[in-house]
$ cat final_30.txt   # compact mmCIF, C-alpha atoms
# COMPACT_ATOMS: atom_id res chain seq x y z
CA MET N 1 174.72 228.39 11.12
CA GLY N 2 176.79 228.70 14.25
CA ASP N 3 178.80 225.84 15.66
CA LEU N 4 176.52 224.28 18.26
CA SER N 5 179.56 223.01 20.16
CA GLU N 6 180.61 226.60 20.88
CA SER N 7 179.09 227.84 24.12
CA LEU N 8 179.24 230.75 26.52
CA GLY N 9 181.10 230.09 29.73
CA SER N 10 178.46 230.88 32.35
CA ASP N 11 177.12 228.13 34.62
CA VAL N 12 173.33 227.98 34.42
CA VAL N 13 171.45 227.14 37.61
CA GLU N 14 167.88 227.96 36.57
CA VAL N 15 166.05 228.91 33.37
CA SER N 16 168.59 230.74 31.22
CA SER N 17 169.47 231.27 27.57
CA MET N 18 173.10 230.35 28.16
CA GLN N 19 174.26 226.77 27.66
CA GLU N 20 176.37 225.09 30.30
CA GLU N 21 179.22 223.79 29.19
CA VAL N 22 194.51 242.01 18.17
CA CYS N 23 197.71 242.67 17.76
CA VAL N 24 200.17 241.36 15.21
CA GLU N 25 201.40 237.91 16.13
CA THR N 26 204.86 237.91 17.65
CA ASN N 27 206.90 235.52 19.70
CA PRO N 28 207.03 235.98 23.47
CA SER N 29 210.28 237.22 24.92
CA LEU N 30 212.78 234.81 26.36
CA GLY N 31 211.99 236.01 29.88
CA GLU N 32 208.30 235.16 29.46
CA ASN N 33 209.11 231.67 28.25
CA LEU N 34 211.40 231.07 31.22
CA ALA N 35 208.87 232.01 33.92
CA THR N 36 209.40 229.72 36.90
CA ALA N 37 206.90 228.04 39.18
CA GLU N 38 207.78 230.63 41.81
CA ASP N 39 206.97 233.44 39.37
CA TRP N 40 203.55 231.93 38.75
CA ARG N 41 202.96 231.39 42.47
CA LYS N 42 203.65 235.07 43.18
CA ALA N 43 201.42 236.19 40.33
CA LEU N 44 198.54 233.96 41.42
CA ASN N 45 198.84 235.11 45.04
CA LYS N 46 198.10 238.63 43.78
CA VAL N 47 195.42 237.67 41.27
CA VAL N 48 193.22 235.19 43.17
CA PRO N 49 191.99 237.68 45.86
CA ALA N 50 190.86 240.06 43.07
CA VAL N 51 188.73 237.41 41.31
CA VAL N 52 185.08 237.14 42.36
CA VAL N 53 182.26 234.67 41.81
CA LEU N 54 179.23 236.42 40.32
CA ARG N 55 175.67 235.23 40.81
CA THR N 56 173.33 237.01 38.44
CA THR N 57 169.56 236.90 38.16
CA ALA N 58 167.95 238.23 35.00
CA CYS N 59 164.62 239.57 36.21
CA ARG N 60 163.00 239.69 32.76
CA ALA N 61 163.65 238.16 29.36
CA PHE N 62 165.28 240.92 27.36
CA ASP N 63 166.95 241.03 23.93
CA THR N 64 169.19 237.96 23.60
CA GLU N 65 168.78 236.65 27.17
CA SER N 66 165.98 234.79 28.95
CA ALA N 67 164.97 235.29 32.56
CA GLY N 68 166.92 233.09 34.97
CA ALA N 69 169.96 232.83 37.21
CA SER N 70 173.54 231.82 36.53
CA TYR N 71 177.04 231.82 38.01
CA ALA N 72 180.04 233.42 36.35
CA THR N 73 183.33 235.17 37.16
CA GLY N 74 184.57 238.74 37.32
CA PHE N 75 187.70 240.53 38.50
CA ILE N 76 188.62 243.88 40.00
CA VAL N 77 190.09 246.34 37.49
CA ASP N 78 189.70 249.51 39.60
CA LYS N 79 189.82 249.09 43.39
CA LYS N 80 189.47 252.80 44.17
CA ARG N 81 186.26 253.24 42.17
CA GLY N 82 184.96 249.72 42.74
CA ILE N 83 184.80 248.43 39.15
CA ILE N 84 184.54 244.75 38.19
CA LEU N 85 185.12 243.52 34.63
CA THR N 86 183.21 240.54 33.25
CA ASN N 87 181.38 239.51 30.07
CA ARG N 88 178.45 241.29 28.46
CA HIS N 89 176.36 238.13 28.66
CA VAL N 90 176.99 238.14 32.42
CA VAL N 91 176.11 241.81 32.98
CA MET N 92 173.04 241.12 30.78
CA PRO N 93 171.47 243.58 28.33
CA GLY N 94 168.36 244.00 30.53
CA PRO N 95 167.37 244.19 34.22
CA VAL N 96 169.69 242.18 36.45
CA VAL N 97 170.29 241.61 40.17
CA ALA N 98 173.80 240.45 41.03
CA GLU N 99 176.06 239.59 43.97
CA ALA N 100 179.83 239.09 44.10
CA THR N 101 181.52 236.63 46.45
CA PHE N 102 185.21 237.12 47.21
CA VAL N 103 187.66 234.32 47.97
CA ASN N 104 187.22 234.83 51.74
CA ARG N 105 183.43 234.43 51.29
CA GLU N 106 182.54 238.08 51.81
CA GLU N 107 179.45 238.74 49.69
CA ILE N 108 178.36 242.13 48.40
CA PRO N 109 175.78 243.46 45.93
CA VAL N 110 177.06 244.71 42.58
CA TYR N 111 175.35 246.95 40.02
CA PRO N 112 175.75 247.12 36.22
CA ILE N 113 177.27 250.32 34.89
CA TYR N 114 178.07 249.43 31.28
CA ARG N 115 177.72 246.63 28.77
CA ASP N 116 179.08 246.98 25.26
CA PRO N 117 176.36 246.90 22.58
CA VAL N 118 178.28 244.30 20.53
CA HIS N 119 181.43 242.95 22.15
CA ASP N 120 181.36 240.51 25.04
CA PHE N 121 182.41 242.70 27.96
CA GLY N 122 180.71 244.76 30.63
CA PHE N 123 181.29 246.28 34.06
CA PHE N 124 179.72 246.05 37.50
CA ARG N 125 180.36 248.49 40.34
CA TYR N 126 180.57 247.79 44.06
CA ASP N 127 181.35 249.66 47.27
CA PRO N 128 185.04 249.06 48.15
CA ASP N 129 184.30 249.93 51.79
CA ALA N 130 181.98 246.92 51.99
CA ILE N 131 185.02 244.61 51.87
CA GLN N 132 186.30 244.62 55.45
CA PHE N 133 188.41 241.50 55.90
CA LEU N 134 190.25 240.91 52.61
CA SER N 135 193.45 242.44 51.32
CA TYR N 136 193.46 242.57 47.52
CA GLU N 137 194.70 244.64 44.59
CA GLU N 138 193.24 245.37 41.19
CA ILE N 139 194.42 243.35 38.21
CA PRO N 140 196.14 245.52 35.56
CA LEU N 141 195.05 245.18 31.93
CA ALA N 142 197.81 244.58 29.38
CA PRO N 143 196.34 243.85 25.92
CA GLU N 144 199.70 244.59 24.32
CA ALA N 145 201.27 241.60 26.09
CA ALA N 146 199.16 239.01 24.22
CA CYS N 147 201.14 237.03 21.65
CA VAL N 148 201.24 233.57 20.15
CA GLY N 149 203.17 231.20 22.40
CA LEU N 150 202.49 233.13 25.62
CA GLU N 151 201.88 230.90 28.62
CA ILE N 152 198.68 231.88 30.41
CA ARG N 153 196.50 230.95 33.35
CA VAL N 154 192.70 231.28 33.45
CA VAL N 155 191.57 232.01 37.02
CA GLY N 156 187.89 231.76 37.90
CA ASN N 157 184.78 229.85 38.88
CA ASP N 158 185.24 227.13 36.28
CA SER N 159 182.62 224.37 36.60
CA GLY N 160 181.36 226.02 39.80
CA GLU N 161 184.62 225.30 41.67
CA LYS N 162 184.83 228.86 43.13
CA VAL N 163 188.57 229.05 42.42
CA SER N 164 190.01 227.11 39.51
CA ILE N 165 193.34 227.73 37.76
CA LEU N 166 193.64 226.40 34.21
CA ALA N 167 196.88 226.52 32.24
CA GLY N 168 197.30 227.06 28.51
CA THR N 169 199.29 228.66 25.73
CA LEU N 170 197.91 231.29 23.36
CA ALA N 171 197.74 229.59 19.97
CA ARG N 172 195.87 232.18 17.90
CA LEU N 173 195.14 235.88 18.08
CA ASP N 174 193.05 236.05 14.91
CA ARG N 175 190.25 233.53 15.40
CA ASP N 176 186.80 234.43 14.07
CA ALA N 177 184.33 235.46 16.76
CA PRO N 178 182.57 232.28 17.99
CA GLN N 179 178.96 231.68 16.97
CA TYR N 180 177.05 230.49 20.03
CA LYS N 181 173.34 230.49 19.15
CA LYS N 182 171.16 231.27 16.17
CA ASP N 183 168.82 233.50 18.17
CA GLY N 184 171.05 234.50 21.09
CA TYR N 185 174.11 236.59 21.79
CA ASN N 186 176.92 236.44 19.23
CA ASP N 187 179.93 238.71 19.00
CA PHE N 188 181.16 240.01 15.64
CA ASN N 189 183.53 242.48 13.99
CA THR N 190 186.39 241.43 16.24
CA PHE N 191 189.09 238.81 16.49
CA TYR N 192 189.21 236.36 19.39
CA MET N 193 192.15 234.57 20.91
CA GLN N 194 192.25 230.80 21.32
CA ALA N 195 194.00 228.41 23.67
CA ALA N 196 193.44 224.80 24.72
CA SER N 197 192.73 225.66 28.36
CA GLY N 198 189.49 223.69 28.60
CA THR N 199 187.28 226.29 30.31
CA LYS N 200 183.67 225.28 30.97
CA GLY N 201 180.55 226.65 32.67
CA GLY N 202 181.08 229.36 35.31
CA SER N 203 184.32 230.66 33.80
CA SER N 204 182.80 233.52 31.81
CA GLY N 205 184.55 236.74 32.77
CA SER N 206 187.69 235.07 34.10
CA PRO N 207 190.98 236.95 33.67
CA VAL N 208 193.50 235.39 31.32
CA ILE N 209 196.78 236.31 33.02
CA ASP N 210 200.48 236.11 32.25
CA TRP N 211 203.25 235.30 34.72
CA GLN N 212 203.42 238.95 35.83
CA GLY N 213 199.81 238.88 37.02
CA ARG N 214 198.52 241.06 34.18
CA ALA N 215 195.26 240.32 32.37
CA VAL N 216 196.05 239.89 28.66
CA ALA N 217 192.52 238.79 27.64
CA LEU N 218 189.01 238.05 28.95
CA ASN N 219 187.65 234.52 28.91
CA ALA N 220 184.31 234.35 27.08
CA GLY N 221 183.39 230.82 25.98
CA GLY N 222 184.64 227.52 24.64
CA LYS N 223 183.89 224.34 22.72
CA SER N 224 182.11 221.58 24.57
CA THR N 225 183.60 218.99 22.20
CA SER N 226 187.24 219.97 22.73
CA ALA N 227 189.56 221.88 25.08
CA SER N 228 189.44 225.06 22.97
CA ALA N 229 188.66 228.25 24.90
CA PHE N 230 187.91 231.66 23.39
CA PHE N 231 189.26 234.92 24.81
CA LEU N 232 188.22 238.49 24.01
CA PRO N 233 191.08 240.96 23.35
CA LEU N 234 191.23 243.87 25.80
CA GLU N 235 191.92 246.94 23.63
CA ARG N 236 188.26 248.04 23.56
CA VAL N 237 187.86 247.13 27.23
CA VAL N 238 190.71 249.48 28.18
CA ARG N 239 189.11 252.29 26.17
CA ALA N 240 185.73 251.86 27.85
CA LEU N 241 187.29 251.66 31.31
CA LYS N 242 189.09 254.96 30.78
CA PHE N 243 185.79 256.66 29.93
CA LEU N 244 184.20 255.25 33.09
CA GLN N 245 187.13 256.37 35.23
CA LYS N 246 186.71 259.93 33.97
CA GLY N 247 183.23 259.97 35.51
CA ARG N 248 184.46 259.74 39.07
CA ASP N 249 187.60 259.83 41.20
CA SER N 250 186.42 257.37 43.83
CA PHE N 251 183.38 255.33 44.80
CA SER N 252 182.17 258.03 47.20
CA ASP N 253 182.07 260.66 44.44
CA LYS N 254 178.85 261.22 42.53
CA TRP N 255 178.83 259.09 39.42
CA GLU N 256 178.58 261.42 36.44
CA ALA N 257 176.75 260.22 33.34
CA VAL N 258 179.37 258.87 30.96
CA THR N 259 178.91 258.47 27.22
CA ILE N 260 181.18 255.96 25.53
CA PRO N 261 181.08 256.74 21.79
CA ARG N 262 180.32 253.67 19.66
CA GLY N 263 179.82 253.93 15.92
CA THR N 264 178.40 251.44 13.43
CA LEU N 265 177.65 250.97 9.75
CA GLN N 266 175.36 248.04 10.60
CA VAL N 267 177.65 245.83 8.55
CA THR N 268 179.26 242.56 9.62
CA PHE N 269 182.77 241.99 8.27
CA LEU N 270 184.85 238.84 8.20
CA HIS N 271 188.62 238.61 7.91
CA LYS N 272 189.49 236.59 4.82
CA GLY N 273 192.93 235.44 3.72
CA PHE N 274 194.52 236.86 0.61
CA ASP N 275 193.87 233.58 -1.20
CA GLU N 276 190.12 234.09 -0.65
CA THR N 277 190.15 237.79 -1.54
CA ARG N 278 191.83 236.90 -4.85
CA ARG N 279 188.95 234.56 -5.63
CA LEU N 280 186.61 237.50 -4.90
CA GLY N 281 188.42 239.44 -7.64
CA LEU N 282 190.97 241.47 -5.69
CA GLN N 283 193.49 242.95 -8.12
CA LYS N 284 197.16 242.04 -7.78
CA GLU N 285 198.12 245.70 -7.63
CA THR N 286 195.71 246.28 -4.73
CA GLU N 287 197.01 243.25 -2.83
CA LYS N 288 200.59 244.46 -3.31
CA MET N 289 199.68 247.93 -2.01
CA VAL N 290 197.81 246.49 1.01
CA ARG N 291 200.63 244.12 1.95
CA HIS N 292 203.17 246.95 1.71
CA ALA N 293 201.03 249.31 3.85
CA SER N 294 200.08 246.72 6.48
CA PRO N 295 202.11 245.44 9.44
CA SER N 296 204.47 242.57 8.76
CA GLY N 297 202.68 239.25 8.92
CA GLU N 298 199.28 240.46 7.69
CA THR N 299 197.51 237.55 6.00
CA GLY N 300 194.23 238.97 4.72
CA MET N 301 191.63 241.72 4.45
CA LEU N 302 188.15 242.55 5.74
CA VAL N 303 185.25 241.39 3.57
CA VAL N 304 181.57 242.35 3.89
CA ASP N 305 179.55 239.40 5.17
CA SER N 306 176.09 240.89 5.81
CA ILE N 307 174.31 244.25 5.76
CA VAL N 308 171.31 245.18 7.90
CA PRO N 309 168.39 246.36 5.72
CA GLY N 310 167.65 250.02 6.31
CA GLY N 311 171.07 250.65 7.85
CA PRO N 312 173.64 253.23 6.69
CA ALA N 313 175.19 250.79 4.19
CA HIS N 314 171.96 249.33 2.79
CA ASN N 315 172.00 249.31 -1.06
CA LEU N 316 175.54 250.72 -0.98
CA LEU N 317 177.64 247.75 0.16
CA GLU N 318 177.17 244.12 -0.88
CA PRO N 319 178.33 240.80 0.57
CA GLY N 320 181.72 239.97 -0.90
CA ASP N 321 182.92 243.59 -1.11
CA VAL N 322 186.58 243.76 -0.08
CA LEU N 323 187.45 246.70 2.18
CA VAL N 324 190.67 248.42 1.11
CA CYS N 325 190.72 251.84 2.80
CA ILE N 326 188.74 254.07 5.12
CA ASN N 327 189.45 257.79 4.76
CA GLN N 328 192.52 256.91 2.64
CA ASP N 329 194.01 254.66 5.36
CA VAL N 330 194.53 250.98 4.54
CA ILE N 331 192.37 248.93 6.93
CA THR N 332 192.88 245.18 7.38
CA GLN N 333 192.11 244.78 11.11
CA PHE N 334 188.87 245.08 13.08
CA LEU N 335 190.45 247.19 15.82
CA LYS N 336 191.57 249.98 13.51
CA MET N 337 188.22 249.98 11.72
CA GLU N 338 186.31 250.30 15.00
CA MET N 339 188.55 253.11 16.20
CA ILE N 340 187.64 255.10 13.09
CA LEU N 341 183.92 254.38 13.49
CA ASP N 342 183.92 255.34 17.17
CA ASP N 343 185.70 258.61 16.38
CA ASN N 344 183.20 259.57 13.66
CA VAL N 345 179.78 258.97 15.23
CA ASP N 346 177.14 261.00 13.30
CA GLY N 347 179.81 261.90 10.76
CA LYS N 348 180.68 260.64 7.29
CA ILE N 349 183.54 258.40 6.25
CA GLU N 350 184.80 257.35 2.83
CA LEU N 351 185.27 253.67 2.07
CA GLN N 352 187.40 252.39 -0.79
CA ILE N 353 186.35 248.85 -1.72
CA GLU N 354 186.78 246.38 -4.54
CA ARG N 355 183.72 244.59 -5.91
CA GLY N 356 184.56 241.80 -8.31
CA GLY N 357 187.86 243.49 -9.11
CA LYS N 358 186.29 246.90 -9.71
CA PRO N 359 187.43 249.74 -7.40
CA LEU N 360 184.63 251.77 -5.84
CA SER N 361 184.52 254.74 -3.47
CA ILE N 362 181.49 255.00 -1.17
CA GLU N 363 180.61 257.68 1.40
CA LEU N 364 178.69 256.42 4.44
CA MET N 365 177.17 258.00 7.55
CA VAL N 366 178.37 256.47 10.84
CA GLN N 367 175.40 255.73 13.08
CA ASP N 368 175.40 255.87 16.88
CA LEU N 369 175.44 252.21 17.96
CA HIS N 370 173.70 253.02 21.25
CA LEU N 371 170.64 254.27 19.32
CA VAL N 372 170.01 250.79 17.90
CA THR N 373 170.51 249.11 21.29
CA PRO N 374 167.25 248.85 23.32
CA ASP N 375 167.34 250.29 26.85
CA TYR N 376 163.70 250.11 27.86
CA PHE N 377 160.78 247.66 27.69
CA LEU N 378 157.03 247.47 28.11
CA GLU N 379 155.52 244.60 30.08
CA VAL N 380 151.95 243.64 29.19
CA SER N 381 150.27 240.59 30.78
CA GLY N 382 153.64 238.94 31.35
CA ALA N 383 154.95 239.69 27.85
CA VAL N 384 158.08 241.83 27.50
CA ILE N 385 158.09 244.14 24.48
CA HIS N 386 161.08 246.23 23.41
CA PRO N 387 162.61 247.53 20.17
CA LEU N 388 164.43 244.98 18.04
CA SER N 389 168.14 245.23 18.78
CA TYR N 390 171.02 245.44 16.33
CA GLN N 391 172.25 242.22 17.91
CA GLN N 392 169.09 240.28 17.00
CA VAL N 393 168.71 241.89 13.59
CA GLY N 394 172.27 240.80 12.86
CA ASN N 395 171.37 237.25 13.86
CA PHE N 396 168.38 237.13 11.51
CA VAL N 397 170.38 238.60 8.63
CA ALA N 398 173.41 236.35 9.22
CA PHE N 399 171.40 233.14 9.53
CA ALA N 400 168.77 233.91 6.89

$ encode --input "final_30.txt" --output "structure tokens"
Amino acid sequence: MGDLSESLGSDVVEVSSMQEEVCVETNPSLGENLATAEDWRKALNKVVPAVVVLRTTACRAFDTESAGASYATGFIVDKKRGIILTNRHVVMPGPVVAEATFVNREEIPVYPIYRDPVHDFGFFRYDPDAIQFLSYEEIPLAPEAACVGLEIRVVGNDSGEKVSILAGTLARLDRDAPQYKKDGYNDFNTFYMQAASGTKGGSSGSPVIDWQGRAVALNAGGKSTSASAFFLPLERVVRALKFLQKGRDSFSDKWEAVTIPRGTLQVTFLHKGFDETRRLGLQKETEKMVRHASPSGETGMLVVDSIVPGGPAHNLLEPGDVLVCINQDVITQFLKMEMILDDNVDGKIELQIERGGKPLSIELMVQDLHLVTPDYFLEVSGAVIHPLSYQQVGNFVAFA
């Protein structure tokens, strides 16, 4: 069962389902460690005007979210096209009405354009011409800059304070995805970053910036019983943003329909250390090969945690299977696995696994993740009916 002390970082003001409350690890460069107060002041002067307070109203209960209103944070990632980045649980999986308030109290409507089916990020759009009195720039995304020991600042609407700046140091890049609720939104098949920055309600969608004013991660949630905060890595965010940017050159251009390929096996993996994979029967020769083929510092492998009945991997994979290769490439990280799945939607891939020390080769069809994500509903006498989502099916399987 999920840790009940782990909560999403949106500030609930009415009925809502939200509670109030990676790259290889390297050391930061000497220059990053020696950032001065003046460096941070300059960076924050650029960042703060690009951070907005989001008020969202979910018009109907849909998928993992109930109807209600909440406050959160977002930030400008494309000024020309008018694109704001925030969390998936802020954009909402269903109908939503939202407004953005800038630091000078200009308020504008914003409209959802994409939410990832699994990972906790999404985008709103707005009309850049509607901002008449504020000078601001977009915040660049730099996922490659994240590393253990990096000093960061989390800028956003923490605890409803409109503008709050929380300091911290990245302590981990390989934390398991937090488990928020048994029957609500939970991320999976990705690492999260962790720092003791103490973010609370309202900070969902805040940029996690370095001293150069670059966003190195996206704040998502935290623990109510400690100062731990959880940040989503930005590699998949950058990919999705590039697809959206291809759809238009500016806000005034017609927005072309954009398809962002997302593949799935309907399998949840966990990253387990080599000590645990040995207890699952991993052969010494396989571990030696994986360590040699993986980046320096790799500490484990991906292990099957749960399989959705009726999915592409049903009756083919089992919990405890250790993933060794996909299409002959050694895979130990979620990011590389997802890149392969997204590039092979409706195609077949070959998985090499070990089950109790026995090597197996399995061919699987990669399913389109968007096809198992509901995008319509039927309302009958106040009841909202829609197809069961992959997100909720995963919850029932994981917590069964």

$ axis_aligned_box --input "final_30.txt" --around "region 93-104 of chain N" --padding-each-side "5 Å" --output "lines of an AutoDock Vina configuration file"
center_x = 177.5
center_y = 239.3
center_z = 40.0
size_x = 30.3
size_y = 19.9
size_z = 33.4

$ residues_around --input "final_30.txt" --residues "Gln333 (chain N)" --least-positions-apart "2" --cutoff "10 Å" --atoms "all atoms listed in the file" --output "list in words"
Val22, Cys23, Val24, Asp174, Asn189, Thr190, Phe191, Leu270, His271, Ser294, Glu298, Gly300, Met301, Leu302, Val330, Ile331, Leu335, Lys336, Met337 and Glu338 of chain N

$ residues_around --input "final_30.txt" --residues "Ala220 (chain N)" --least-positions-apart "4" --cutoff "12 Å" --atoms "only C-alpha atoms" --output "VMD selection string"
chain N and resid 6 to 10 18 21 72 to 74 85 to 90 119 to 122 154 156 158 177 to 180 185 to 187 192 to 195 198 to 208 228 to 234

$ closest_residue --input "final_30.txt" --among "N:Ala43, N:Leu341, N:Val384, N:Ala67" --to "Glu137 (chain N)" --atoms "only C-alpha atoms"
N:Ala43

$ closest_residue --input "final_30.txt" --among "N:Pro309, N:Pro140, N:Pro359, N:Gly320" --to "Lys272 (chain N)" --atoms "only C-alpha atoms"
N:Gly320

$ closest_atom_pairs --input "final_30.txt" --of "region 335-354 of chain N" --to "region 276-293 of chain N" --cutoff "12 Å" --atoms "all atoms listed in the file" --output "Markdown table"
| residue | atom | partner | partner_atom | distance |
| --- | --- | --- | --- | --- |
| N:Gln352 | CA | N:Thr286 | CA | 11.0 |
| N:Ile353 | CA | N:Leu282 | CA | 9.6 |
| N:Glu354 | CA | N:Leu282 | CA | 6.6 |

$ residues_near_point --input "final_30.txt" --point "(188.6, 237.9, 41.0)" --cutoff "7 Å" --atoms "all atoms listed in the file" --output "ChimeraX atom specification"
/N:47-52,74-76,156

$ write_last_selection --input "final_30.txt" --atoms "C-alpha atoms" --output "compact mmCIF listing (two decimals), in the coordinates of the input"
# COMPACT_ATOMS: atom_id res chain seq x y z
CA VAL N 47 195.42 237.67 41.27
CA VAL N 48 193.22 235.19 43.17
CA PRO N 49 191.99 237.68 45.86
CA ALA N 50 190.86 240.06 43.07
CA VAL N 51 188.73 237.41 41.31
CA VAL N 52 185.08 237.14 42.36
CA GLY N 74 184.57 238.74 37.32
CA PHE N 75 187.70 240.53 38.50
CA ILE N 76 188.62 243.88 40.00
CA GLY N 156 187.89 231.76 37.90

$ closest_residue --input "final_30.txt" --among "N:Tyr390, N:Phe123, N:Phe102, N:Phe396" --to "Val238 (chain N)" --atoms "all atoms listed in the file"
N:Phe123

$ atom_distance --input "final_30.txt" --atom1 "CA of Ser197 (chain N)" --atom2 "CA of Glu65 (chain N)"
26.4 Å

$ residues_around --input "final_30.txt" --residues "region 35-42 of chain N" --least-positions-apart "5" --cutoff "12 Å" --atoms "only C-alpha atoms" --output "number ranges by chain"
N: 28-30, 47-48, 150-153, 165, 167, 209-214

$ atom_distance --input "final_30.txt" --atom1 "CA of Asp78 (chain N)" --atom2 "CA of Glu138 (chain N)"
5.7 Å

$ residues_around --input "final_30.txt" --residues "Lys242 (chain N)" --least-positions-apart "3" --cutoff "12 Å" --atoms "all atoms listed in the file" --output "list in words"
Val77, Asp78, Arg81, Ile83, Leu141, Glu235, Arg236, Val237, Val238, Arg239, Gln245, Lys246, Gly247, Arg248, Asp249, Val258, Thr259 and Ile260 of chain N

$ closest_residue --input "final_30.txt" --among "N:Gln367, N:Thr64, N:Ser135, N:Gln266" --to "Lys182 (chain N)" --atoms "only C-alpha atoms"
N:Thr64

$ residues_around --input "final_30.txt" --residues "Asp346 (chain N)" --least-positions-apart "2" --cutoff "10 Å" --atoms "all atoms listed in the file" --output "PyMOL selection string"
chain N and resi 263-264+341-344+348-349+365-368

$ atom_distance --input "final_30.txt" --atom1 "CA of Thr169 (chain N)" --atom2 "CA of Gly149 (chain N)"
5.7 Å

$ residues_near_point --input "final_30.txt" --point "(168.7, 240.2, 39.8)" --cutoff "6 Å" --atoms "only C-alpha atoms" --output "ChimeraX atom specification"
/N:56-59,96-98
